[in-house]
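Asks: Next comes the structure file start20.txt, holding compact mmCIF, C-alpha atoms.
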```
# COMPACT_ATOMS: atom_id res chain seq x y z
CA MET A 10 -17.87 19.48 -11.24
CA GLU A 11 -18.35 20.75 -7.69
CA MET A 12 -20.16 17.52 -6.76
CA GLN A 13 -17.25 15.48 -8.16
CA ASP A 14 -14.78 17.50 -6.08
CA GLU A 15 -16.85 16.92 -2.94
CA ARG A 16 -16.75 13.17 -3.53
CA ARG A 17 -12.96 13.28 -3.19
CA PHE A 18 -13.16 14.37 0.48
CA HIS A 19 -14.17 12.80 3.79
CA LYS A 20 -14.49 14.13 7.35
CA LEU A 21 -12.57 12.03 9.84
CA THR A 22 -14.51 10.24 12.56
CA GLN A 23 -13.51 10.41 16.23
CA GLU A 24 -11.88 6.98 15.96
CA GLN A 25 -9.89 8.03 12.89
CA VAL A 26 -8.73 11.18 14.71
CA MET A 27 -7.50 9.01 17.59
CA ASN A 28 -5.65 6.74 15.13
CA LEU A 29 -4.05 9.81 13.58
CA ASP A 30 -3.06 11.22 16.97
CA GLN A 31 -1.39 7.92 17.87
CA ILE A 32 0.75 8.01 14.72
CA LEU A 33 1.71 11.67 14.99
CA THR A 34 2.73 11.39 18.66
CA GLU A 35 4.53 8.03 18.42
CA VAL A 36 8.30 8.21 18.91
CA ILE A 37 10.09 6.93 15.81
CA PRO A 38 13.82 6.21 16.04
CA ILE A 39 15.99 7.59 13.25
CA HIS A 40 19.06 5.40 13.31
CA GLY A 41 22.47 6.94 12.74
CA ARG A 42 25.27 5.25 10.85
CA GLY A 43 28.51 4.41 12.59
CA ASN A 44 28.83 6.06 16.00
CA PHE A 45 26.05 8.58 15.46
CA PRO A 46 23.32 8.33 18.12
CA THR A 47 19.71 7.39 17.40
CA LEU A 48 17.36 10.37 17.09
CA GLU A 49 14.03 10.00 18.92
CA ILE A 50 11.52 11.90 16.79
CA LYS A 51 7.77 12.39 17.05
CA PRO A 52 6.28 13.09 13.59
CA LYS A 53 4.31 16.08 14.86
CA ASP A 54 7.49 17.69 16.20
CA ILE A 55 9.61 17.38 13.08
CA ILE A 56 6.69 18.58 10.94
CA HIS A 57 6.35 21.70 13.12
CA VAL A 58 10.05 22.50 13.04
CA VAL A 59 10.49 21.92 9.29
CA ARG A 60 7.37 23.88 8.37
CA ASP A 61 8.26 26.88 10.56
CA ARG A 62 11.81 27.08 9.22
CA LEU A 63 10.69 26.79 5.62
CA ILE A 64 8.42 29.78 6.18
CA LEU A 65 11.32 31.69 7.75
CA LYS A 66 13.30 30.97 4.57
CA ASN A 67 10.44 32.40 2.45
CA ILE A 68 9.30 29.01 1.16
CA LYS A 69 5.52 29.15 1.01
CA VAL A 70 3.88 26.08 2.63
CA LYS A 71 0.28 25.60 1.47
CA ASP A 72 -0.54 22.58 3.64
CA VAL A 73 0.91 19.42 5.21
CA ARG A 74 -0.52 15.96 4.55
CA LEU A 75 -0.10 12.37 5.70
CA ASN A 76 0.10 10.21 2.59
CA GLY A 77 -0.15 6.64 1.32
CA SER A 78 -0.25 3.47 3.43
CA THR A 79 -0.03 5.37 6.74
CA ALA A 80 -3.09 7.43 5.83
CA SER A 81 -4.86 4.20 4.79
CA HIS A 82 -4.01 2.71 8.20
CA VAL A 83 -5.54 5.73 9.95
CA LEU A 84 -8.76 5.41 7.93
CA VAL A 85 -9.22 1.62 8.09
CA LYS A 86 -7.33 -0.06 10.91
CA GLU A 87 -9.39 -3.19 11.38
CA ASN A 88 -8.70 -4.98 8.08
CA GLY A 89 -5.14 -5.86 9.03
CA THR A 90 -3.36 -3.43 6.71
CA CYS A 91 0.00 -2.24 7.98
CA TYR A 92 2.24 0.63 7.01
CA LYS A 93 5.98 0.94 6.60
CA ASP A 94 7.29 4.39 5.73
CA LEU A 95 5.76 7.45 7.33
CA ASP A 96 5.07 9.59 4.26
CA ILE A 97 4.62 13.32 4.96
CA ILE A 98 3.87 15.74 2.09
CA PHE A 99 4.59 19.46 2.41
CA GLY A 100 2.67 21.33 -0.28
CA VAL A 101 5.12 24.08 -1.23
CA GLU A 102 5.80 26.60 -3.96
CA LEU A 103 9.11 25.94 -5.74
CA PRO A 104 9.50 28.53 -8.49
CA LYS A 105 13.23 27.88 -8.98
CA GLN A 106 15.71 25.02 -8.63
CA GLU A 107 17.65 26.86 -5.91
CA ASP A 108 14.68 26.29 -3.58
CA PHE A 109 15.59 22.59 -3.39
CA GLN A 110 18.92 23.49 -1.78
CA ILE A 111 17.11 25.65 0.80
CA ILE A 112 14.78 22.75 1.64
CA LYS A 113 17.70 20.34 2.04
CA GLU A 114 19.56 22.73 4.34
CA VAL A 115 16.42 23.32 6.42
CA VAL A 116 15.75 19.60 6.96
CA LEU A 117 19.36 18.76 7.81
CA GLY A 118 19.52 21.76 10.14
CA CYS A 119 16.33 20.63 11.89
CA LEU A 120 17.83 17.19 12.53
CA LEU A 121 20.49 18.86 14.70
CA ASP A 122 17.72 19.87 17.10
CA PHE A 123 16.87 16.22 17.73
CA LEU A 124 20.39 15.13 18.69
CA PRO A 125 20.53 13.94 22.32
CA LYS A 126 21.55 16.43 25.01
CA GLY A 127 25.25 16.57 25.58
CA VAL A 128 26.20 16.12 21.93
CA ASN A 129 28.51 18.91 20.75
CA LYS A 130 26.80 20.26 17.63
CA ASP A 131 29.29 23.01 16.82
CA LYS A 132 31.43 20.97 14.42
CA ILE A 133 28.65 18.87 12.90
CA THR A 134 27.95 20.01 9.34
CA ALA A 135 24.91 19.48 7.13
CA ILE A 136 26.94 17.04 5.01
CA THR A 137 27.74 15.01 8.12
CA MET A 138 24.05 14.86 9.09
CA LYS A 139 23.16 13.74 5.57
CA GLU A 140 25.72 10.93 5.67
CA ALA A 141 24.58 9.86 9.15
CA TYR A 142 20.79 9.95 8.93
CA VAL A 143 19.51 10.26 5.33
CA GLN A 144 18.59 7.04 3.51
CA LYS A 145 17.93 8.66 0.14
CA MET A 146 17.33 12.01 -1.51
CA VAL A 147 15.40 12.61 -4.73
CA LYS A 148 14.92 15.81 -6.73
CA VAL A 149 12.66 16.23 -9.77
CA PHE A 150 12.31 19.53 -11.62
CA ASN A 151 10.68 19.53 -15.05
CA GLU A 152 7.68 20.93 -16.88
CA HIS A 153 5.11 18.72 -15.15
CA ASP A 154 6.72 17.46 -11.94
CA ARG A 155 8.47 19.59 -9.35
CA TRP A 156 9.21 17.89 -6.04
CA SER A 157 11.90 16.54 -3.74
CA LEU A 158 12.14 13.75 -1.18
CA ILE A 159 14.34 13.32 1.89
CA SER A 160 14.04 9.89 3.54
CA LEU A 161 15.33 9.49 7.11
CA SER A 162 16.72 6.06 8.04
CA ASN A 163 14.99 3.54 10.29
CA ASN A 164 16.49 0.06 10.62
CA ARG A 165 13.06 -1.55 10.96
CA GLY A 166 11.85 -0.19 7.65
CA LYS A 167 9.73 2.63 9.07
CA ASN A 168 11.57 5.49 7.38
CA VAL A 169 10.31 9.04 7.86
CA GLU A 170 9.85 10.33 4.31
CA LEU A 171 9.56 14.09 3.93
CA LYS A 172 8.29 15.02 0.48
CA PHE A 173 8.12 18.62 -0.75
CA VAL A 174 5.69 18.93 -3.64
CA ASN A 175 5.02 21.88 -5.89
CA SER A 176 3.47 19.75 -8.66
CA LEU A 177 3.20 16.02 -9.23
CA ARG A 178 1.11 14.57 -12.06
CA ARG A 179 0.62 11.17 -10.46
CA GLN A 180 0.21 11.04 -6.67
CA PHE A 181 -0.90 7.41 -6.23
CA GLU A 182 -0.44 3.93 -7.69
CA PHE A 183 -3.63 2.15 -6.57
CA SER A 184 -6.87 3.34 -5.01
CA VAL A 185 -5.96 1.81 -1.62
CA ASP A 186 -2.87 4.02 -1.31
CA SER A 187 -4.45 7.16 -2.79
CA PHE A 188 -5.45 8.75 0.54
CA GLN A 189 -4.05 11.97 1.96
CA ILE A 190 -5.03 13.34 5.37
CA ILE A 191 -4.73 17.12 5.72
CA LEU A 192 -2.86 17.70 8.99
CA ASP A 193 -2.96 21.48 9.46
CA THR A 194 -5.92 21.51 11.86
CA MET A 195 -4.43 18.71 13.96
CA LEU A 196 -1.04 20.45 14.08
CA GLN A 197 -2.69 23.66 15.20
CA SER A 198 -4.52 21.83 18.00
CA TYR A 199 -1.17 20.48 19.27
CA LEU A 200 0.27 24.00 19.35
CA GLU A 201 -2.71 25.35 21.24
CA ALA A 202 -2.59 22.48 23.71
CA GLU A 203 1.10 23.10 24.37
CA LYS A 204 0.43 26.80 24.90
CA ARG A 205 -2.18 26.00 27.52
CA LEU A 206 0.14 23.45 29.12
CA LEU A 207 -2.54 20.77 28.96
CA LYS A 208 -1.35 17.31 29.94
CA HIS A 209 -4.15 15.34 28.26
CA ARG A 210 -4.52 16.16 24.60
CA GLU A 211 -7.68 14.03 24.32
CA GLU A 212 -9.63 16.78 26.08
CA GLU A 213 -8.98 19.02 23.10
CA GLN A 214 -10.49 16.58 20.61
CA ASP A 215 -14.06 17.79 20.68
CA SER A 216 -16.62 17.31 17.92
CA SER A 217 -15.89 20.67 16.33
CA SER A 218 -12.21 19.82 15.80
CA VAL A 219 -13.13 16.42 14.37
CA GLN A 220 -15.33 18.08 11.75
CA THR A 221 -12.43 20.16 10.45
CA LEU A 222 -10.09 17.21 9.88
CA MET A 223 -10.36 16.15 6.27
CA ALA A 224 -8.96 13.39 4.08
CA GLU A 225 -8.82 13.32 0.28
CA SER A 226 -8.59 10.45 -2.19
CA MET A 227 -6.36 11.28 -5.14
CA TYR A 228 -8.07 8.37 -6.93
CA GLY A 229 -11.17 10.54 -7.10
CA ASP A 230 -14.16 8.86 -5.45
CA PHE A 231 -13.37 8.65 -1.73
CA GLU A 232 -16.10 6.16 -0.75
CA GLN A 233 -15.25 3.86 -3.64
CA ALA A 234 -11.58 3.91 -2.66
CA MET A 235 -12.59 3.23 0.97
CA ASP A 236 -14.58 0.18 -0.13
CA HIS A 237 -11.51 -1.05 -1.98
CA LEU A 238 -9.48 -0.61 1.21
CA ARG A 239 -12.07 -2.26 3.50
CA TYR A 240 -12.55 -5.28 1.24
CA ARG A 241 -8.92 -5.52 0.04
CA LEU A 242 -9.64 -4.83 -3.63
CA ILE A 243 -7.13 -3.73 -6.28
CA ALA A 244 -8.09 -0.88 -8.60
CA THR A 245 -6.19 1.78 -10.48
CA ARG A 246 -6.36 3.81 -13.65
CA ASN A 247 -3.81 4.51 -16.35
CA PRO A 248 -0.96 2.44 -14.84
CA GLU A 249 1.17 3.44 -17.82
CA GLU A 250 1.48 6.86 -16.11
CA ILE A 251 3.23 5.31 -13.08
CA ARG A 252 7.00 4.90 -13.11
CA GLY A 253 7.49 1.14 -13.23
CA GLY A 254 3.80 0.73 -14.04
CA GLY A 255 2.92 -0.15 -10.44
CA LEU A 256 3.95 -3.74 -11.24
CA LEU A 257 5.96 -4.33 -8.05
CA LYS A 258 3.29 -2.82 -5.78
CA TYR A 259 0.57 -4.78 -7.60
CA SER A 260 2.37 -8.07 -6.95
CA ASN A 261 2.78 -7.05 -3.30
CA LEU A 262 -0.98 -6.44 -2.98
CA LEU A 263 -1.70 -9.87 -4.47
CA VAL A 264 0.61 -11.53 -1.93
CA ARG A 265 -1.24 -9.70 0.85
CA ASP A 266 -4.53 -11.29 -0.26
CA PHE A 267 -5.90 -8.31 -2.16
CA LYS A 268 -8.08 -9.25 -5.14
CA PRO A 269 -8.76 -7.36 -8.39
CA ALA A 270 -11.87 -5.21 -8.14
CA SER A 271 -12.67 -6.10 -11.77
CA GLU A 272 -11.57 -9.47 -13.16
CA THR A 273 -12.51 -8.34 -16.68
CA GLU A 274 -10.20 -5.31 -16.60
CA ILE A 275 -7.25 -6.67 -14.66
CA LYS A 276 -5.53 -8.52 -17.53
CA THR A 277 -5.48 -5.33 -19.61
CA LEU A 278 -4.12 -3.40 -16.62
CA GLU A 279 -1.45 -6.07 -16.03
CA ARG A 280 -0.27 -5.71 -19.63
CA TYR A 281 0.03 -1.93 -19.21
CA MET A 282 1.92 -2.42 -15.92
CA CYS A 283 4.40 -4.81 -17.52
CA SER A 284 4.87 -2.62 -20.59
CA ARG A 285 5.67 0.48 -18.51
CA PHE A 286 7.97 -1.53 -16.21
CA PHE A 287 10.06 -2.72 -19.16
CA ILE A 288 10.10 0.76 -20.71
CA ASP A 289 11.49 2.23 -17.48
CA PHE A 290 13.84 -0.71 -16.75
CA PRO A 291 14.77 -2.21 -20.15
CA ASP A 292 17.97 -3.95 -19.01
CA VAL A 293 17.73 -7.18 -17.00
CA ASN A 294 20.39 -5.94 -14.56
CA GLU A 295 18.34 -2.77 -13.94
CA GLN A 296 15.27 -4.94 -13.36
CA GLN A 297 17.17 -7.08 -10.87
CA ARG A 298 18.43 -4.05 -8.93
CA LYS A 299 14.92 -2.57 -8.81
CA ILE A 300 13.34 -5.82 -7.56
CA GLU A 301 16.07 -6.39 -4.97
CA SER A 302 15.67 -2.81 -3.73
CA TYR A 303 11.90 -3.34 -3.45
CA LEU A 304 12.43 -6.52 -1.44
CA ARG A 305 14.83 -4.75 0.94
CA ASN A 306 12.50 -1.81 1.52
CA HIS A 307 9.14 -3.58 1.75
CA PHE A 308 9.80 -6.94 3.39
CA ILE A 309 11.76 -6.03 6.51
CA GLY A 310 10.62 -8.53 9.15
CA GLU A 311 8.63 -10.40 6.50
CA GLU A 312 11.43 -12.41 4.88
CA LYS A 313 9.26 -15.51 4.62
CA SER A 314 6.93 -13.68 2.22
CA LYS A 315 9.70 -12.87 -0.27
CA TYR A 316 9.47 -16.20 -2.09
CA ASP A 317 5.68 -15.92 -2.54
CA TYR A 318 6.13 -12.35 -3.72
CA LEU A 319 8.73 -13.28 -6.34
CA MET A 320 6.65 -16.20 -7.59
CA THR A 321 3.62 -13.92 -7.87
CA LEU A 322 5.67 -11.31 -9.74
CA ARG A 323 7.01 -14.04 -12.04
CA ARG A 324 3.50 -15.28 -12.84
CA VAL A 325 2.27 -11.77 -13.72
CA VAL A 326 5.30 -11.12 -15.95
CA ASN A 327 4.92 -14.54 -17.59
CA GLU A 328 1.21 -14.12 -18.31
CA SER A 329 1.05 -10.42 -19.17
CA THR A 330 4.26 -9.41 -20.92
CA VAL A 331 3.60 -8.76 -24.60
CA CYS A 332 6.18 -6.07 -25.32
CA LEU A 333 9.39 -8.14 -25.12
CA MET A 334 11.17 -10.36 -27.59
CA GLY A 335 11.25 -14.03 -26.60
CA HIS A 336 14.85 -14.07 -25.35
CA GLU A 337 14.38 -10.85 -23.33
CA ARG A 338 11.30 -12.30 -21.69
CA ARG A 339 13.20 -15.49 -20.79
CA GLN A 340 16.04 -13.44 -19.34
CA THR A 341 13.66 -11.61 -17.02
CA LEU A 342 11.82 -14.79 -15.97
CA ASN A 343 15.11 -16.59 -15.29
CA MET A 344 16.41 -13.64 -13.27
CA ILE A 345 13.26 -13.68 -11.05
CA THR A 346 13.60 -17.46 -10.77
CA ILE A 347 17.15 -17.19 -9.48
CA LEU A 348 16.14 -14.47 -7.01
CA ALA A 349 13.36 -16.76 -5.71
CA LEU A 350 15.78 -19.67 -5.29
CA LYS A 351 18.29 -17.38 -3.61
CA VAL A 352 15.59 -16.33 -1.11
CA LEU A 353 14.87 -20.00 -0.35
CA GLY A 354 18.56 -20.60 0.15
CA GLU A 355 18.85 -17.68 2.57
CA GLN A 356 16.01 -19.19 4.60
CA ASN A 357 17.58 -22.67 4.36
CA ILE A 358 14.43 -23.88 2.60
CA ILE A 359 14.26 -25.57 -0.77
CA PRO A 360 10.97 -27.39 -1.41
CA ASN A 361 11.25 -30.66 -3.35
CA ALA A 362 15.01 -30.16 -3.55
CA ASN A 363 15.51 -33.66 -4.97
CA ASN A 364 13.34 -32.71 -7.95
CA VAL A 365 15.44 -29.83 -9.25
CA THR A 366 16.88 -29.91 -12.73
CA CYS A 367 19.24 -27.22 -14.07
CA TYR A 368 20.13 -26.63 -17.71
CA TYR A 369 23.10 -24.39 -18.41
CA GLN A 370 24.06 -22.28 -21.35
CA PRO A 371 26.22 -19.13 -21.35
CA ALA A 372 24.07 -16.11 -20.63
CA PRO A 373 26.28 -13.03 -20.05
CA TYR A 374 23.48 -10.99 -18.45
CA MET A 375 23.66 -13.28 -15.42
CA ALA A 376 27.45 -12.99 -15.02
CA ASP A 377 27.01 -11.64 -11.52
CA HIS A 378 29.36 -12.62 -8.71
CA ASN A 379 26.35 -12.74 -6.37
CA PHE A 380 25.13 -15.85 -8.18
CA SER A 381 28.49 -17.55 -8.80
CA ASN A 382 28.95 -20.76 -6.80
CA TYR A 383 25.79 -20.06 -4.82
CA TYR A 384 24.61 -22.99 -2.70
CA ILE A 385 21.10 -23.87 -1.64
CA THR A 386 20.82 -26.53 1.02
CA ASN A 387 18.00 -28.18 2.95
CA GLY A 388 20.26 -30.17 5.25
CA GLN A 389 20.21 -33.27 3.04
CA SER A 390 20.93 -32.16 -0.49
CA GLN A 391 22.92 -29.38 -2.05
CA LEU A 392 22.51 -27.46 -5.30
CA LEU A 393 25.37 -25.55 -6.91
CA PHE A 394 24.35 -22.65 -9.13
CA HIS A 395 26.44 -22.13 -12.22
CA PRO A 396 27.14 -18.42 -12.93
CA TYR A 397 25.15 -18.66 -16.20
CA PRO A 398 21.90 -20.53 -15.51
CA LEU A 399 19.55 -20.43 -18.49
CA HIS A 400 16.62 -22.48 -17.31
CA ILE A 401 15.57 -24.09 -14.05
CA HIS A 402 12.69 -26.51 -13.62
CA MET A 403 11.19 -27.29 -10.25
CA GLN A 404 8.05 -29.08 -9.15
CA THR A 405 7.29 -25.97 -7.10
CA GLY A 406 6.27 -24.20 -10.28
CA LEU A 407 9.47 -22.55 -11.50
CA VAL A 408 9.19 -23.42 -15.18
```
Using the file provided, produce a representation of the structure as structure tokens.
Replies:
Amino acid sequence: MEMQDERRFHKLTQEQVMNLDQILTEVIPIHGRGNFPTLEIKPKDIIHVVRDRLILKNIKVKDVRLNGSTASHVLVKENGTCYKDLDIIFGVELPKQEDFQIIKEVVLGCLLDFLPKGVNKDKITAITMKEAYVQKMVKVFNEHDRWSLISLSNNRGKNVELKFVNSLRRQFEFSVDSFQIILDTMLQSYLEAEKRLLKHREEEQDSSSVQTLMAESMYGDFEQAMDHLRYRLIATRNPEEIRGGGLLKYSNLLVRDFKPASETEIKTLERYMCSRFFIDFPDVNEQQRKIESYLRNHFIGEEKSKYDYLMTLRRVVNESTVCLMGHERRQTLNMITILALKVLGEQNIIPNANNVTCYYQPAPYMADHNFSNYYITNGQSQLLFHPYPLHIHMQTGLV
């Protein structure tokens, strides 16, 4: 058992420490709504302030970790993987629901510290700060999962996500995003450097400090997960435990040229992903909202990839969905089809536009004003979408 636990961990190399330092000291703008100014925040600074104030409020902080795609980027930078949200996990003890309110007040209070000089803070309330700078807030408190999330807004899709976790059964979707880097040693080195008024932090990064910086794979086997990351391989276990089954992330990995680590297992995994997705989002309108939200949050600056993503998602749903009745399955496929065509229209692209055939039949689930009288044009031809499209055939593969 001890050997298995050891296989979960990895000591960061000098290069990985430098990658981590670059991320923690980079200035990230938190954009305010309306007339509120942009906050210029370094991750290391907001982590310090939030952690110290939680402790002052008697919230026990066990450790602080960098999570997910940002941690993956620190560990393997050369394979072209990028990261969006900066995902910071505070390991905390939350014995009662009231602790969530304390955490929220602490974070919103800390944001006041990052307002530009000259801003009168006296009349700015926590509610005002929430409305101005928080993208979303999540709270979960049940027998198995006890955590909260506060996501700070960034217009370029690089939100700062502060997650406070007492317990969480499932901390990853796929092996390539299962990494967590334990930051406490690095944070301590920043404090010591500031105390000594050193101008060049690199001088503090000696071999002894590198040895104490550790990363963990929640997937289990760190080196195996690292191989998956280096060679862009897709692997997971028990996708039915993931909310949404990991289906949307899986399709995203496929679009980014990741390949299944095991071709023999992937079809079974795909079926589990689809089944869990439709359990969590049984209504076609819920499915549409979830997919559109995923597109907004994960394809900022990558709009041209949206069509490929939707077509990939459609293929997986078409080939692997076994839990739906025929008409429900067609509803979902048609909804994804319309979203794909809408994306092409937004980009003023419609391949083989002269070879489009539409068949209409009333379908109330698509009675959405967003689709009514929607035009797709390529400069020569024009296609009018009826509010109730049932089936669309295109030579591009929408069948």
Asks: So how far away is CA of Arg285 in chain A from CA of Ser78 in chain A, in Å?
Replies: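 These atoms are spaced 22.9 Å apart.
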Asks: For range 65-71 of chain A, work out the shell of residues within 12 Å, counting all atoms listed in the file and skipping chain neighbours fewer than 5 positions away, then give it as a ChimeraX atom specification.
Replies: /A:56-60,98-105,107-116,173-175,191-193
Asks: How would the residues just picked look written out with C-alpha atoms as a PDB file, in the coordinates of the input?
Replies:
```
ATOM      1  CA  ILE A  56       6.690  18.580  10.940  1.00  0.00           C
ATOM      2  CA  HIS A  57       6.350  21.700  13.120  1.00  0.00           C
ATOM      3  CA  VAL A  58      10.050  22.500  13.040  1.00  0.00           C
ATOM      4  CA  VAL A  59      10.490  21.920   9.290  1.00  0.00           C
ATOM      5  CA  ARG A  60       7.370  23.880   8.370  1.00  0.00           C
ATOM      6  CA  ILE A  98       3.870  15.740   2.090  1.00  0.00           C
ATOM      7  CA  PHE A  99       4.590  19.460   2.410  1.00  0.00           C
ATOM      8  CA  GLY A 100       2.670  21.330  -0.280  1.00  0.00           C
ATOM      9  CA  VAL A 101       5.120  24.080  -1.230  1.00  0.00           C
ATOM     10  CA  GLU A 102       5.800  26.600  -3.960  1.00  0.00           C
ATOM     11  CA  LEU A 103       9.110  25.940  -5.740  1.00  0.00           C
ATOM     12  CA  PRO A 104       9.500  28.530  -8.490  1.00  0.00           C
ATOM     13  CA  LYS A 105      13.230  27.880  -8.980  1.00  0.00           C
ATOM     14  CA  GLU A 107      17.650  26.860  -5.910  1.00  0.00           C
ATOM     15  CA  ASP A 108      14.680  26.290  -3.580  1.00  0.00           C
ATOM     16  CA  PHE A 109      15.590  22.590  -3.390  1.00  0.00           C
ATOM     17  CA  GLN A 110      18.920  23.490  -1.780  1.00  0.00           C
ATOM     18  CA  ILE A 111      17.110  25.650   0.800  1.00  0.00           C
ATOM     19  CA  ILE A 112      14.780  22.750   1.640  1.00  0.00           C
ATOM     20  CA  LYS A 113      17.700  20.340   2.040  1.00  0.00           C
ATOM     21  CA  GLU A 114      19.560  22.730   4.340  1.00  0.00           C
ATOM     22  CA  VAL A 115      16.420  23.320   6.420  1.00  0.00           C
ATOM     23  CA  VAL A 116      15.750  19.600   6.960  1.00  0.00           C
ATOM     24  CA  PHE A 173       8.120  18.620  -0.750  1.00  0.00           C
ATOM     25  CA  VAL A 174       5.690  18.930  -3.640  1.00  0.00           C
ATOM     26  CA  ASN A 175       5.020  21.880  -5.890  1.00  0.00           C
ATOM     27  CA  ILE A 191      -4.730  17.120   5.720  1.00  0.00           C
ATOM     28  CA  LEU A 192      -2.860  17.700   8.990  1.00  0.00           C
ATOM     29  CA  ASP A 193      -2.960  21.480   9.460  1.00  0.00           C
TER      30      ASP A 193
END
```
Asks: I'd like the contact shell of Asn76 in chain A - 6 Å cut-off, all atoms listed in the file, skipping same-chain residues fewer than 4 positions apart - returned as an MDAnalysis selection string.
Replies: chainID A and resid 80 96:97 189
Asks: Could you turn the residues from that selection into a file that holds C-alpha atoms, as a PDB file, keeping the file's coordinate frame?
Replies:
```
ATOM      1  CA  ALA A  80      -3.090   7.430   5.830  1.00  0.00           C
ATOM      2  CA  ASP A  96       5.070   9.590   4.260  1.00  0.00           C
ATOM      3  CA  ILE A  97       4.620  13.320   4.960  1.00  0.00           C
ATOM      4  CA  GLN A 189      -4.050  11.970   1.960  1.00  0.00           C
TER       5      GLN A 189
END
```
Asks: Provide the CA of Asp236 in chain A to CA of Ser176 in chain A distance in Å, to one decimal place.
Replies: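 For CA of Asp236 in chain A relative to CA of Ser176 in chain A, the distance reads 28.0 Å.
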Asks: Can you pull out every residue within 9 Å of Glu24 in chain A, counting all atoms listed in the file, but drop anything in the same chain fewer than 5 positions away, and send it as a list in words?
Replies: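 Once the nearby chain positions are removed, what remains is Leu29, Val83 and Leu84 of chain A.
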Asks: Export, as a JSON list (two decimals), keeping the file's coordinate frame, the selected residues with C-alpha atoms.
Replies:
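Ended up saving to selection21.json:
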```json
[["chain", "number", "residue", "atom", "x", "y", "z"],
["A", 29, "LEU", "CA", -4.05, 9.81, 13.58],
["A", 83, "VAL", "CA", -5.54, 5.73, 9.95],
["A", 84, "LEU", "CA", -8.76, 5.41, 7.93]]
```
Asks: Given all atoms listed in the file as the basis, pick out the residue of A:Thr194, A:Asn247, A:Ser184, A:Gln297 nearest to Glu225 in chain A.
Replies: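 Looking at the shortest contact to Glu225 in chain A, the residue is A:Ser184.
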Asks: Quick check, in Å to one decimal: how far apart do CA of Ala135 in chain A and CA of Ile32 in chain A lie?
Replies: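 Atom-to-atom, CA of Ala135 in chain A and CA of Ile32 in chain A are spaced 27.8 Å apart.
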Asks: Using all atoms listed in the file for the distances, tell me which of A:Pro38, A:Gly166, A:Gly77, A:Gly310 is nearest to Ala224 in chain A.
Replies: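 Closest candidate: A:Gly77.
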Asks: Can you work out which one of A:Gln233, A:Thr22, A:Ser260, A:Asn306 has the shortest atom-to-atom distance to Asn163 in chain A, counting all atoms listed in the file?
Replies: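 For Asn163 in chain A, the nearest of the candidates is A:Asn306.
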Asks: Tell me which of A:Leu319, A:Leu304, A:Leu342, A:Val326 sits closest to Ser284 in chain A, counting all atoms listed in the file.
Replies: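 Selected residue with least distance to Ser284 in chain A: A:Val326.
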Asks: So that I can see what lies close to Asp317 in chain A, please list as a count of residues only the residues with an atom at most 10 Å from it, counting all atoms listed in the file and leaving out residues fewer than 3 positions away in the same chain.
Replies: 12
Asks: With 12 Å as the threshold, what does the neighbourhood of (1.7, -6.2, -24.8) contain in terms of residues, counting all atoms listed in the file? Coordinates are those of the file; answer as a ChimeraX atom specification.
Replies: /A:249,276-288,326-334,338
Asks: Taking all atoms listed in the file into account, name the residue in A:Arg155, A:Lys299, A:Lys126, A:Lys148 that is nearest to Gly253 in chain A.
Replies: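 Among the listed residues, the smallest separation from Gly253 in chain A belongs to A:Lys299.
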Asks: So which residues fall inside 12 Å of (15.5, -2.4, 1.5) if we count all atoms listed in the file? Mind giving them as a PyMOL selection string?
Replies: chain A and resi 93-94+144-145+162-168+298-312
Asks: Env of Met227 in chain A: 9 Å cut, atoms = all atoms listed in the file, seq-sep filter 2 positions within chain, self excluded. Answer as an mmCIF file with C-alpha atoms, in the coordinates of the input.
Replies:
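The resulting file, around.cif, is reproduced below:
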```cif
data_model
loop_
_atom_site.group_PDB
_atom_site.id
_atom_site.type_symbol
_atom_site.label_atom_id
_atom_site.label_comp_id
_atom_site.auth_asym_id
_atom_site.auth_seq_id
_atom_site.Cartn_x
_atom_site.Cartn_y
_atom_site.Cartn_z
ATOM 1 C CA ARG A 17 -12.960 13.280 -3.190
ATOM 2 C CA ARG A 179 0.620 11.170 -10.460
ATOM 3 C CA GLN A 180 0.210 11.040 -6.670
ATOM 4 C CA PHE A 181 -0.900 7.410 -6.230
ATOM 5 C CA SER A 184 -6.870 3.340 -5.010
ATOM 6 C CA ASP A 186 -2.870 4.020 -1.310
ATOM 7 C CA SER A 187 -4.450 7.160 -2.790
ATOM 8 C CA PHE A 188 -5.450 8.750 0.540
ATOM 9 C CA GLN A 189 -4.050 11.970 1.960
ATOM 10 C CA GLU A 225 -8.820 13.320 0.280
ATOM 11 C CA GLY A 229 -11.170 10.540 -7.100
ATOM 12 C CA ASP A 230 -14.160 8.860 -5.450
ATOM 13 C CA PHE A 231 -13.370 8.650 -1.730
#
```
Asks: Can you tell me, as lines of an AutoDock Vina configuration file, the centre and edge lengths (Å, one decimal) of the axis-aligned box enclosing all of range 135-154 of chain A's listed atoms after padding each side by 5 Å?
Replies:
```
center_x = 16.4
center_y = 14.0
center_z = -3.9
size_x = 32.6
size_y = 23.9
size_z = 36.0
```
Asks: Which of these, A:Glu232, A:Asp72, A:Asp122, A:Glu15, has the shortest distance to Ile50 in chain A once you count all atoms listed in the file?
Replies: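 Among the listed residues, the smallest separation from Ile50 in chain A belongs to A:Asp122.
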